[in-house]
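Here the structure is laid out as structure tokens; the discussion comes afterwards.
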Amino acid sequence: MKRSLIILIATLATASLLAACGGGSSSSQTSDKQTAKGPITIWYSNNPNEVKWGKQVVATWNAAHPNEKVTAQEIPAGSSSEEVIGAAITAGNTADLIYNTSPVGVPQFQKQGGLVDLSTFPDGTKYIESRTGPAAAQYASADGDYYQLPWKSNPVMVFYNKAIMRKAGIDPNNPPLATYDEFLATARTIVKSKAAKYAIYPSPSSEFYQSWFDFYPLYAAESGGKQLVENGASTFADKDGTTVAELWRTIYAEKLAGNEPYTGDAFLDGTAGMALAGPWAIASYGKMDWGVAPVPTSAGMTPKETYTFADSKNIGMYSSCKNQGTAWAFLKFSTSPKEDGALLQTTGQMPLRVDLTKAYPAYFAKNPAYSMFAEQASRTVEVPNVSNPVEVWQTFRDAWTGAVIFGKGDITSALKDAAAAIDKLVSQK
Amino acid sequence: MSDLQSTPRWRRIVSMTLLTLGALVFLFPFYYMVVGALQTKRNPSLSGAIPWPSNLTLNNFLDINHAINLGRSLLNSGIFTGVVVICTIFFGVLAGYALATLHFRGRGLLFAVVLLLQAVPFQLLMVPLYVMLVRNFRMGDTYVGMILPFAINSVAVLIFRQFFLQVPQEMFDAARIDGAGEFRILRSIAVPLVRPAILTAALVTFIGPWNEFLWPFLITKKQSMQPLAVAVANYTQTGAGFHANPMGSILAGSTVLAIPAVVLFIIFQRQFAETHSSTGVKG
Amino acid sequence: MPAETAHRRAPGSRRTVAATPAPGGQRRSRLEFALGRHPAGLLLAAPYALFVAAVFVYPIGLGVWMSFHDSFFTAPGVSVPQPFVGLDNYKAVLANPAIRASFVHVAEFLVINVPLTLVFSLLLATALNSVVHWRGFMRVSYYVPYVTASVATITVWMFMFNSSGIVNQILGPLAPDPAWLVNRFWAMPSIALYVTWKQLGFFILLFLAALQNVPKELHEAAAMDGASRWQGYRAVTLPAVRPATTLVVLLAIITGANLFTEPYLLTGGGGPNGASTTPVFLLYQQGIQQGKPAIASAIGVLLVIGVLIITYASRKLTERE
């Protein structure tokens with residue numbers, strides 16, 4: 001047995017040496033690729049309305065370009081699309097264009113060599129900046145180039161169920177939600193009157209991205225539009241961050257929000273009276289009579305000054321793409337004023353375009369509820385484009401669940417510790 | 001068993017009652033799953049444990065079938081599991097026989113490796129395997145890629161080895177003296193002897209791939225290639241929000257996933273139990 | 001499992017040696033020396049050996065290699081320098097309080113799960129062994145959780161153990177707050193309870209097999225000597241199931257150490273506040289979610305070493321008289 005063990009260790013050692021030699025074929029990127037034309041594949045999100053939009057765009061394109069057929073598919077489901085895309089990059093089997101590229105994943109994908117630098121197309125930077133305007137700058141990578149096309153945002157706002165407000169004896173058309181005091185009072189009334197079991201129910205689970213739907217929108221508003229990390233340093237361990245965290249801690253401590261994962265949508269089935277969500281969610285609310293308000297701030301800013309989290313989904317071109325000429329052409333085609341209009345019409349999500357309300361006046365006249373989101377879309381904050389983004393958010397989330405959701409320890413020091421850890425992560429390459 | 005005669009009647013009744021209670025506790029979550037799958041409206045209260053006729057529906061099954069195409073996922077699960085079971089039985093019997101009765105160079109090493117593997121978490125292998133199969137061999141979204149890491153179940157190899165060790169070696173040696181080759185011995189003596197073990201190994205092997213979620217989840221990007229366990233898990237995490245009774249449809253998916261394994265076990269349980277009693281896995 | 005081997009192997013090989021007709025002389029042919037007495041064995045075991053080499057040994061090797069390098073997964077055709085960094089990854093793992101905590105959680109899990117599993121599977125196997133009526137029903141009831149997919153049963157558990165779930169309704173004011181799966185104190189015990197319930201059927205099966213191999217005569221002899229029921233059990237049954245006990249403990253430890261699905265699905269990603277993370281869950285989080293395969297591999301290697309040490313110790317412990 002002893003001899004076997006020695007042989008075993010020797011075998012493993014050999015295997016690790018062999019493993020070291022494997023892999024690593026190289027193919028240099030040629031600019032021929034950028035003009036190459038031919039069939040391409042795309043992935044889009046599994047949101048039913050986006051699928052509808054995607055099918056329509058692809059059909060229109062394919063009818064006009066029989067030799068450059070686009071094949072579309074829903075992005076493979078997973079606990080997060082970053083995970084799916086990251087794994088697919090390693091394997092080299094991504095789609096050519098992915099219409100569900102979250103900005104949080106971009107630094108990682110870029111580091112993996114998985115993304116095509118869109119700024120290398122002759123009209124790349126110009127197209128992106130003229131379509132999105134100055135807001136595009138948030139999406140540029142550290143080297144100043146665009147590895148993603150800013151596509152659409154889902155500015156997060158406070159949805160409320162009018163029936164529940166009515167039942168709680170609150171004015172359903174204008175519930176007091178502007179300041180933290182008002183927000184807390186409304187929340188308490190909802191729960192105390194038993195109009196709903198909880199006032200609001202953001203997911204309390206530990207996935208790295210959950211803070212985008214509780215902390216981050218309120219922090220964006222409170223801080224007047226700061227990102228989590230700016231100029232290589234965390235911003236949130238300050239008075240604004242603490243104020244936001246204190247608010248949520250009170251909400252959880254008074255059981256105005258649930259602290260365990262909920263199956264389904266608590267707002268949709270009436271378990272919670274309010275929700276923090278973007279316009280993508282409207283389609284699922286169906287017949288519910290809902291209203292929408294800007295996220296609260298401690299002092300109650302006017303809606304015109306209030307920032308929120310953008311929750312954008314962008315388009316990335318992946319380095320496995322061979323026919324980059326077609327891909328770039330289709331990218332522009334699918335983000336043209338006409339198709340952006342169709343996207344707005346079908347999904348209610350906001351194309352990242354300058355002067356959105358002016359570009360589609362008919363739509364916003366007909367759908368006044370959406371014009372609030374369009375208004376908001378011009379004041380949004382995106383996740384920072386930094387190294388180790390997923391780990392950064394995971395670090396934040398872990399601190400948040402402990403100090404805020406389960407009220408353990410002191411908020412200020414929890415935020416400070418998280419900020420120190422995040423500063424370290426951001427400084428790594 | 002000999003206890004029977006000496007055990008007083010009251011004692012047997014007590015033990016029987018406790019066993020029955022235990023069995024009910026064990027079965028309850030399963031029962032609750034089926035009831036939940038049939039409810040029109042989610043009912044978390046105590047009375048929700050009883051299937052009230054007014055609250056029953058098959059819509060949850062239609063719902064989940066609409067969302068993930070149950071038939072196709074079941075087929076994928078079937079192919080995945082079927083091939084794994086067949087490979088395991090075929091190659092596992094060969095390897096088990098060799099490990100138990102033949103002396104060849106490297107036997108000790110192979111056996112040591114097999115034992116060590118039991119302690120290695122699959123997640124450690126997962127990333128390298130993924131790169132190897134998907135990137136180097138382009139096996140993403142293929143059945144081969146899905147099956148390969150599970151193709152031969154090491155536990156089954158150990159079970160076979162165990163069975164062959166319990167067969168008196170004289171039988172094989174006698175055949176060898178008569179000039180029979182190893183393949184003939186295997187076919188005409190060894191395999192018939194361990195037929196009960198094959199069923200045991202098949203059932204034990206079946207459970208693994210049928211219920212496996214992480215690996216097929218990684219390797220399949222196309223929904224049409226996903227086995228049921230993956231489809232249900234994904235639905236649980238992402239798609240359920242859009243449905244009328246999300247919990248109900250998730251439980252419906254879980255029920256469809258659970259039933260084939262349970263039915264197979266019920267059908268074969270008698271044989272299964274007896275296998276163990278006659279030749280079975282002895283510590 | 002190594003214990004089982006040692007136990008079974010000795011008589012097996014002795015038998016073989018005794019039965020093999022003495023060869024003509026001491027000389028062995030060169031071929032036999034190179035390939036062993038039964039070269040056919042190589043052929044029979046080859047497919048399996050190849051499988052093991054390709055699917056286990058090579059990836060483990062690669063994993064070990066990665067744990068000593070600054071490895072990173074790039075798109076095909078992109079090369080990034082991956083320098084040798086010695087023990088840096090291991091140092092990073094050991095310096096990370098979250099990872100250290102995950103090892104503590106697994107220890108906590110094992111302390112609850114292993115004794116529970118051992119006691120209940122032995123008790124239930126003994127009881128099931130003496131059951132006359134409804135044998136089939138009884139056994140199937142205990143096996144059902146084992147054969148059902150975790151993905152399926154976890155949903156039901158979440159449903160049962162949430163704050164307004166059926167368990168808390170029965171407990172009424174005794175129910176913990178926050179509820180089980182989001183309670184820092186109860187999260188890991190809840191997982192341990194779930195896994196015990198889920199895996200017990202398999203261990204009952206192992207004990208049943210061992211119990212059925214206890215010769216009746218031994219019990220009768222013990223009874224004739226006037227031994228009480230408990231004395232008989234201790235003198236006859238327990239020694240007979242000792243090898244099975246060793247196996248059950250080993251397998252329970254190994255399953256416990258590789259805990260992943262439960263923190264991933266049952267407690268929503270190792271929650272609450274990382275109170276139910278496990279090394280394998282963090283391996284997944286670092287390796288797949290955060291793109292740090294080097295750190296992930298180091299966690300994996302440390303975990304395997306830990307498991308080997310614990311199984312070795314437990315074997316010494318359960319085998320001791």
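Chain identifiers are assigned as A, B, and so on, following the order in which chains appear in the structure tokens; residues are numbered from 1 within each chain, and ligands are numbered from 1 in order of appearance.
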Counting only C-alpha atoms, chain B residues within 7 Å of chain C, as a PyMOL selection string: chain B and resi 1-2+4+15+23+26-27+29+33+44-46+91+94-95+98+102-105+110+115+119-121+123-125+128-129+149+165+169-170+173+182+207+211+229+233+254+258+261-262+266+270+276-277+280-283
With only C-alpha atoms as the counted atoms, please give the residues lying no more than 8 Å from Trp215 of chain B, apart from itself and same-chain residues fewer than 4 positions off, as a PDB file with C-alpha atoms, in the first residue's frame.
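Here's the written file around-v5.pdb:
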ATOM      1  CA  MET B 126     -14.842  20.609 -12.828  1.00  0.00           C
ATOM      2  CA  MET B 146     -22.234  15.428 -20.629  1.00  0.00           C
ATOM      3  CA  ILE B 219     -21.735  21.834 -20.282  1.00  0.00           C
TER       4      ILE B 219
END
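Candidate residues A:Val156, A:Ile89, A:Val295, A:Leu356 were compared for distance to chain B, and the nearest is A:Ile89, using only C-alpha atoms.
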Residue nearest chain B - candidates A:Pro204, A:Pro48, A:Pro337, A:Gly38, atoms counted: only C-alpha atoms: A:Pro48
Residue set, segment 141-173 of chain B restricted to alpha helix (DSSP H), as JSON, numbers by chain: {"B": [143, 144, 145, 146, 147, 154, 155, 156, 157, 158, 159, 160, 161, 162, 163, 164, 165, 166, 169, 170, 171, 172, 173]}
Just N, CA and C atoms for this one: save the residues we selected as a PDB file, in the first residue's frame.
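Result file follows (result14.pdb):
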ATOM      1  N   TYR B 143     -24.011  15.131 -25.998  1.00  0.00           N
ATOM      2  CA  TYR B 143     -24.243  14.088 -25.001  1.00  0.00           C
ATOM      3  C   TYR B 143     -22.920  13.510 -24.521  1.00  0.00           C
ATOM      4  N   VAL B 144     -21.954  13.379 -25.448  1.00  0.00           N
ATOM      5  CA  VAL B 144     -20.676  12.791 -25.061  1.00  0.00           C
ATOM      6  C   VAL B 144     -20.030  13.615 -23.948  1.00  0.00           C
ATOM      7  N   GLY B 145     -20.027  14.928 -24.121  1.00  0.00           N
ATOM      8  CA  GLY B 145     -19.422  15.789 -23.114  1.00  0.00           C
ATOM      9  C   GLY B 145     -20.128  15.679 -21.777  1.00  0.00           C
ATOM     10  N   MET B 146     -21.442  15.534 -21.845  1.00  0.00           N
ATOM     11  CA  MET B 146     -22.234  15.428 -20.629  1.00  0.00           C
ATOM     12  C   MET B 146     -21.922  14.117 -19.914  1.00  0.00           C
ATOM     13  N   ILE B 147     -21.788  13.047 -20.713  1.00  0.00           N
ATOM     14  CA  ILE B 147     -21.663  11.702 -20.153  1.00  0.00           C
ATOM     15  C   ILE B 147     -20.253  11.407 -19.660  1.00  0.00           C
ATOM     16  N   SER B 154     -17.211   4.888 -10.160  1.00  0.00           N
ATOM     17  CA  SER B 154     -16.209   4.168  -9.374  1.00  0.00           C
ATOM     18  C   SER B 154     -16.820   3.377  -8.227  1.00  0.00           C
ATOM     19  N   VAL B 155     -17.911   3.878  -7.673  1.00  0.00           N
ATOM     20  CA  VAL B 155     -18.560   3.125  -6.597  1.00  0.00           C
ATOM     21  C   VAL B 155     -19.028   1.778  -7.124  1.00  0.00           C
ATOM     22  N   ALA B 156     -19.568   1.774  -8.358  1.00  0.00           N
ATOM     23  CA  ALA B 156     -20.019   0.518  -8.942  1.00  0.00           C
ATOM     24  C   ALA B 156     -18.839  -0.422  -9.152  1.00  0.00           C
ATOM     25  N   VAL B 157     -17.704   0.120  -9.569  1.00  0.00           N
ATOM     26  CA  VAL B 157     -16.521  -0.725  -9.737  1.00  0.00           C
ATOM     27  C   VAL B 157     -16.169  -1.373  -8.400  1.00  0.00           C
ATOM     28  N   LEU B 158     -16.247  -0.580  -7.328  1.00  0.00           N
ATOM     29  CA  LEU B 158     -15.944  -1.131  -6.010  1.00  0.00           C
ATOM     30  C   LEU B 158     -16.952  -2.214  -5.624  1.00  0.00           C
ATOM     31  N   ILE B 159     -18.225  -1.987  -5.963  1.00  0.00           N
ATOM     32  CA  ILE B 159     -19.244  -3.002  -5.653  1.00  0.00           C
ATOM     33  C   ILE B 159     -18.930  -4.300  -6.391  1.00  0.00           C
ATOM     34  N   PHE B 160     -18.612  -4.178  -7.679  1.00  0.00           N
ATOM     35  CA  PHE B 160     -18.307  -5.386  -8.448  1.00  0.00           C
ATOM     36  C   PHE B 160     -17.092  -6.106  -7.883  1.00  0.00           C
ATOM     37  N   ARG B 161     -16.076  -5.349  -7.550  1.00  0.00           N
ATOM     38  CA  ARG B 161     -14.871  -5.951  -7.006  1.00  0.00           C
ATOM     39  C   ARG B 161     -15.216  -6.735  -5.743  1.00  0.00           C
ATOM     40  N   GLN B 162     -16.056  -6.126  -4.920  1.00  0.00           N
ATOM     41  CA  GLN B 162     -16.476  -6.743  -3.682  1.00  0.00           C
ATOM     42  C   GLN B 162     -17.181  -8.084  -3.940  1.00  0.00           C
ATOM     43  N   PHE B 163     -18.053  -8.085  -4.906  1.00  0.00           N
ATOM     44  CA  PHE B 163     -18.781  -9.318  -5.224  1.00  0.00           C
ATOM     45  C   PHE B 163     -17.834 -10.399  -5.706  1.00  0.00           C
ATOM     46  N   PHE B 164     -16.932 -10.013  -6.596  1.00  0.00           N
ATOM     47  CA  PHE B 164     -16.008 -11.005  -7.142  1.00  0.00           C
ATOM     48  C   PHE B 164     -15.090 -11.540  -6.062  1.00  0.00           C
ATOM     49  N   LEU B 165     -14.755 -10.723  -5.072  1.00  0.00           N
ATOM     50  CA  LEU B 165     -13.906 -11.188  -3.986  1.00  0.00           C
ATOM     51  C   LEU B 165     -14.622 -12.255  -3.175  1.00  0.00           C
ATOM     52  N   GLN B 166     -15.958 -12.166  -3.130  1.00  0.00           N
ATOM     53  CA  GLN B 166     -16.708 -13.116  -2.308  1.00  0.00           C
ATOM     54  C   GLN B 166     -16.943 -14.440  -3.021  1.00  0.00           C
ATOM     55  N   GLN B 169     -12.291 -18.168  -5.070  1.00  0.00           N
ATOM     56  CA  GLN B 169     -11.333 -18.054  -6.160  1.00  0.00           C
ATOM     57  C   GLN B 169     -11.068 -19.395  -6.827  1.00  0.00           C
ATOM     58  N   GLU B 170     -11.314 -20.491  -6.092  1.00  0.00           N
ATOM     59  CA  GLU B 170     -11.043 -21.803  -6.656  1.00  0.00           C
ATOM     60  C   GLU B 170     -11.809 -22.013  -7.959  1.00  0.00           C
ATOM     61  N   MET B 171     -13.005 -21.425  -8.030  1.00  0.00           N
ATOM     62  CA  MET B 171     -13.816 -21.608  -9.239  1.00  0.00           C
ATOM     63  C   MET B 171     -13.096 -21.060 -10.457  1.00  0.00           C
ATOM     64  N   PHE B 172     -12.501 -19.882 -10.278  1.00  0.00           N
ATOM     65  CA  PHE B 172     -11.796 -19.284 -11.418  1.00  0.00           C
ATOM     66  C   PHE B 172     -10.519 -20.060 -11.721  1.00  0.00           C
ATOM     67  N   ASP B 173      -9.820 -20.430 -10.642  1.00  0.00           N
ATOM     68  CA  ASP B 173      -8.560 -21.129 -10.850  1.00  0.00           C
ATOM     69  C   ASP B 173      -8.780 -22.458 -11.560  1.00  0.00           C
TER      70      ASP B 173
END
Long-range neighbours of Gln223 of chain B as a list in words, 10 Å cut-off, only C-alpha atoms, 4 positions minimum in chain: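 Contacts, with the query itself left out: Gln73, Glu74, Ile75, Pro76 and Ala77 of chain A; Ile68, Asn69, Arg72, Ser73, Asp141, Phe217, Pro227, Val230 and Ala231 of chain B.
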Residues near Ser249 of chain B, cut-off 7 Å, only C-alpha atoms, skip fewer than 2 positions along chain, as an MDAnalysis selection string: chainID B and resid 37 60:61 63:64 245:247 251:253
Can you tell me, as a PDB file with N, CA and C atoms, in the first residue's frame, what residues are no more than 9 Å from Leu343 of chain A when counting only C-alpha atoms, ignoring any on the same chain fewer than 5 positions away?
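Below is the file that was written, result10.pdb:
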ATOM      1  N   ASN A  49     -40.586  39.547 -23.422  1.00  0.00           N
ATOM      2  CA  ASN A  49     -40.743  40.680 -24.334  1.00  0.00           C
ATOM      3  C   ASN A  49     -39.483  40.955 -25.145  1.00  0.00           C
ATOM      4  N   GLU A  50     -38.338  40.745 -24.512  1.00  0.00           N
ATOM      5  CA  GLU A  50     -37.101  40.944 -25.260  1.00  0.00           C
ATOM      6  C   GLU A  50     -36.947  39.893 -26.343  1.00  0.00           C
ATOM      7  N   TRP A  53     -38.938  41.054 -29.229  1.00  0.00           N
ATOM      8  CA  TRP A  53     -38.219  42.102 -29.957  1.00  0.00           C
ATOM      9  C   TRP A  53     -37.101  41.485 -30.793  1.00  0.00           C
ATOM     10  N   GLY A  54     -36.314  40.598 -30.151  1.00  0.00           N
ATOM     11  CA  GLY A  54     -35.169  39.994 -30.823  1.00  0.00           C
ATOM     12  C   GLY A  54     -35.575  39.241 -32.079  1.00  0.00           C
ATOM     13  N   LYS A 338     -34.812  53.305 -35.328  1.00  0.00           N
ATOM     14  CA  LYS A 338     -36.034  52.545 -35.570  1.00  0.00           C
ATOM     15  C   LYS A 338     -36.121  51.339 -34.624  1.00  0.00           C
ATOM     16  N   GLY A 348     -40.581  48.191 -23.058  1.00  0.00           N
ATOM     17  CA  GLY A 348     -40.663  49.247 -22.055  1.00  0.00           C
ATOM     18  C   GLY A 348     -39.321  49.574 -21.441  1.00  0.00           C
ATOM     19  N   GLN A 349     -38.231  48.989 -21.941  1.00  0.00           N
ATOM     20  CA  GLN A 349     -36.919  49.311 -21.409  1.00  0.00           C
ATOM     21  C   GLN A 349     -36.327  50.490 -22.185  1.00  0.00           C
ATOM     22  N   MET A 350     -35.440  51.228 -21.506  1.00  0.00           N
ATOM     23  CA  MET A 350     -35.001  52.509 -22.054  1.00  0.00           C
ATOM     24  C   MET A 350     -33.709  52.379 -22.851  1.00  0.00           C
ATOM     25  N   PRO A 351     -33.770  52.561 -24.173  1.00  0.00           N
ATOM     26  CA  PRO A 351     -32.527  52.556 -24.942  1.00  0.00           C
ATOM     27  C   PRO A 351     -31.610  53.650 -24.415  1.00  0.00           C
TER      28      PRO A 351
END
Check: which chain B residues lie within 10 Å of chain A using only C-alpha atoms, as a PyMOL selection string: chain B and resi 106-113+116+127-128+130-141+217-223+226+230-231+233-247+250
Output file for the residues above (C-alpha atoms, as an mmCIF file, in the first residue's frame):
data_model
loop_
_atom_site.group_PDB
_atom_site.id
_atom_site.type_symbol
_atom_site.label_atom_id
_atom_site.label_comp_id
_atom_site.auth_asym_id
_atom_site.auth_seq_id
_atom_site.Cartn_x
_atom_site.Cartn_y
_atom_site.Cartn_z
ATOM 1 C CA GLY B 106 -0.392 -1.574 -11.614
ATOM 2 C CA ARG B 107 -3.306 -3.212 -9.850
ATOM 3 C CA GLY B 108 -2.327 -1.759 -6.498
ATOM 4 C CA LEU B 109 -1.881 1.667 -8.034
ATOM 5 C CA LEU B 110 -5.207 1.605 -9.843
ATOM 6 C CA PHE B 111 -6.969 0.529 -6.712
ATOM 7 C CA ALA B 112 -5.285 3.211 -4.644
ATOM 8 C CA VAL B 113 -6.296 5.830 -7.190
ATOM 9 C CA LEU B 116 -8.396 8.338 -3.350
ATOM 10 C CA VAL B 127 -12.951 23.593 -14.169
ATOM 11 C CA PRO B 128 -10.053 21.679 -15.754
ATOM 12 C CA TYR B 130 -14.653 21.837 -18.558
ATOM 13 C CA VAL B 131 -11.733 23.443 -20.335
ATOM 14 C CA MET B 132 -10.525 20.103 -21.610
ATOM 15 C CA LEU B 133 -13.847 18.870 -22.939
ATOM 16 C CA VAL B 134 -15.399 22.056 -24.207
ATOM 17 C CA ARG B 135 -12.360 23.937 -25.417
ATOM 18 C CA ASN B 136 -9.994 21.231 -26.559
ATOM 19 C CA PHE B 137 -12.509 18.663 -27.716
ATOM 20 C CA ARG B 138 -15.445 20.911 -28.624
ATOM 21 C CA MET B 139 -17.872 18.810 -26.654
ATOM 22 C CA GLY B 140 -20.087 21.589 -25.319
ATOM 23 C CA ASP B 141 -23.774 20.857 -25.883
ATOM 24 C CA PHE B 217 -25.613 22.656 -16.237
ATOM 25 C CA LEU B 218 -22.102 23.804 -17.117
ATOM 26 C CA ILE B 219 -21.735 21.834 -20.282
ATOM 27 C CA THR B 220 -25.117 22.526 -21.860
ATOM 28 C CA LYS B 221 -25.771 25.975 -23.189
ATOM 29 C CA LYS B 222 -28.752 24.998 -25.305
ATOM 30 C CA GLN B 223 -31.952 24.460 -23.425
ATOM 31 C CA GLN B 226 -30.509 20.113 -20.747
ATOM 32 C CA VAL B 230 -30.880 21.241 -14.769
ATOM 33 C CA ALA B 231 -34.021 22.576 -16.366
ATOM 34 C CA ALA B 233 -33.058 24.092 -11.128
ATOM 35 C CA ASN B 234 -32.793 26.890 -13.673
ATOM 36 C CA TYR B 235 -36.512 27.388 -13.629
ATOM 37 C CA THR B 236 -36.420 27.561 -9.834
ATOM 38 C CA GLN B 237 -33.769 30.262 -9.923
ATOM 39 C CA THR B 238 -34.825 32.405 -12.817
ATOM 40 C CA GLY B 239 -38.016 31.738 -14.688
ATOM 41 C CA ALA B 240 -40.489 31.085 -11.942
ATOM 42 C CA GLY B 241 -41.246 34.717 -11.166
ATOM 43 C CA PHE B 242 -43.455 35.141 -14.180
ATOM 44 C CA HIS B 243 -45.946 32.421 -13.280
ATOM 45 C CA ALA B 244 -49.224 32.386 -11.440
ATOM 46 C CA ASN B 245 -48.225 29.871 -8.764
ATOM 47 C CA PRO B 246 -44.435 29.717 -8.990
ATOM 48 C CA MET B 247 -44.046 27.402 -6.032
ATOM 49 C CA ILE B 250 -41.527 24.323 -9.280
#
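The shortest atom-to-atom distance to chain C, with only C-alpha atoms taken into account, belongs to A:Asp398 out of A:Asp398, A:Asp417, A:Glu222, A:Asp123.
Note that atom CA of Thr237 of chain C and atom CA of Ala125 of chain C are 11.7 Å apart.
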Using only C-alpha atoms: which of A:Tyr139, A:Trp328, A:Tyr147, A:Phe406 has the shortest distance to chain C: A:Phe406
Within 9 Å of Gly270 of chain C using only C-alpha atoms, minus same-chain residues under 5 positions, as a ChimeraX atom specification: /A:205-206 /C:262-265,275-278,281-282
Nearest-residue call for chain A, choices C:Thr74, C:Asn96, C:Ser67, C:Asn113, using only C-alpha atoms: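 Among the listed residues, the smallest separation from chain A belongs to C:Thr74.
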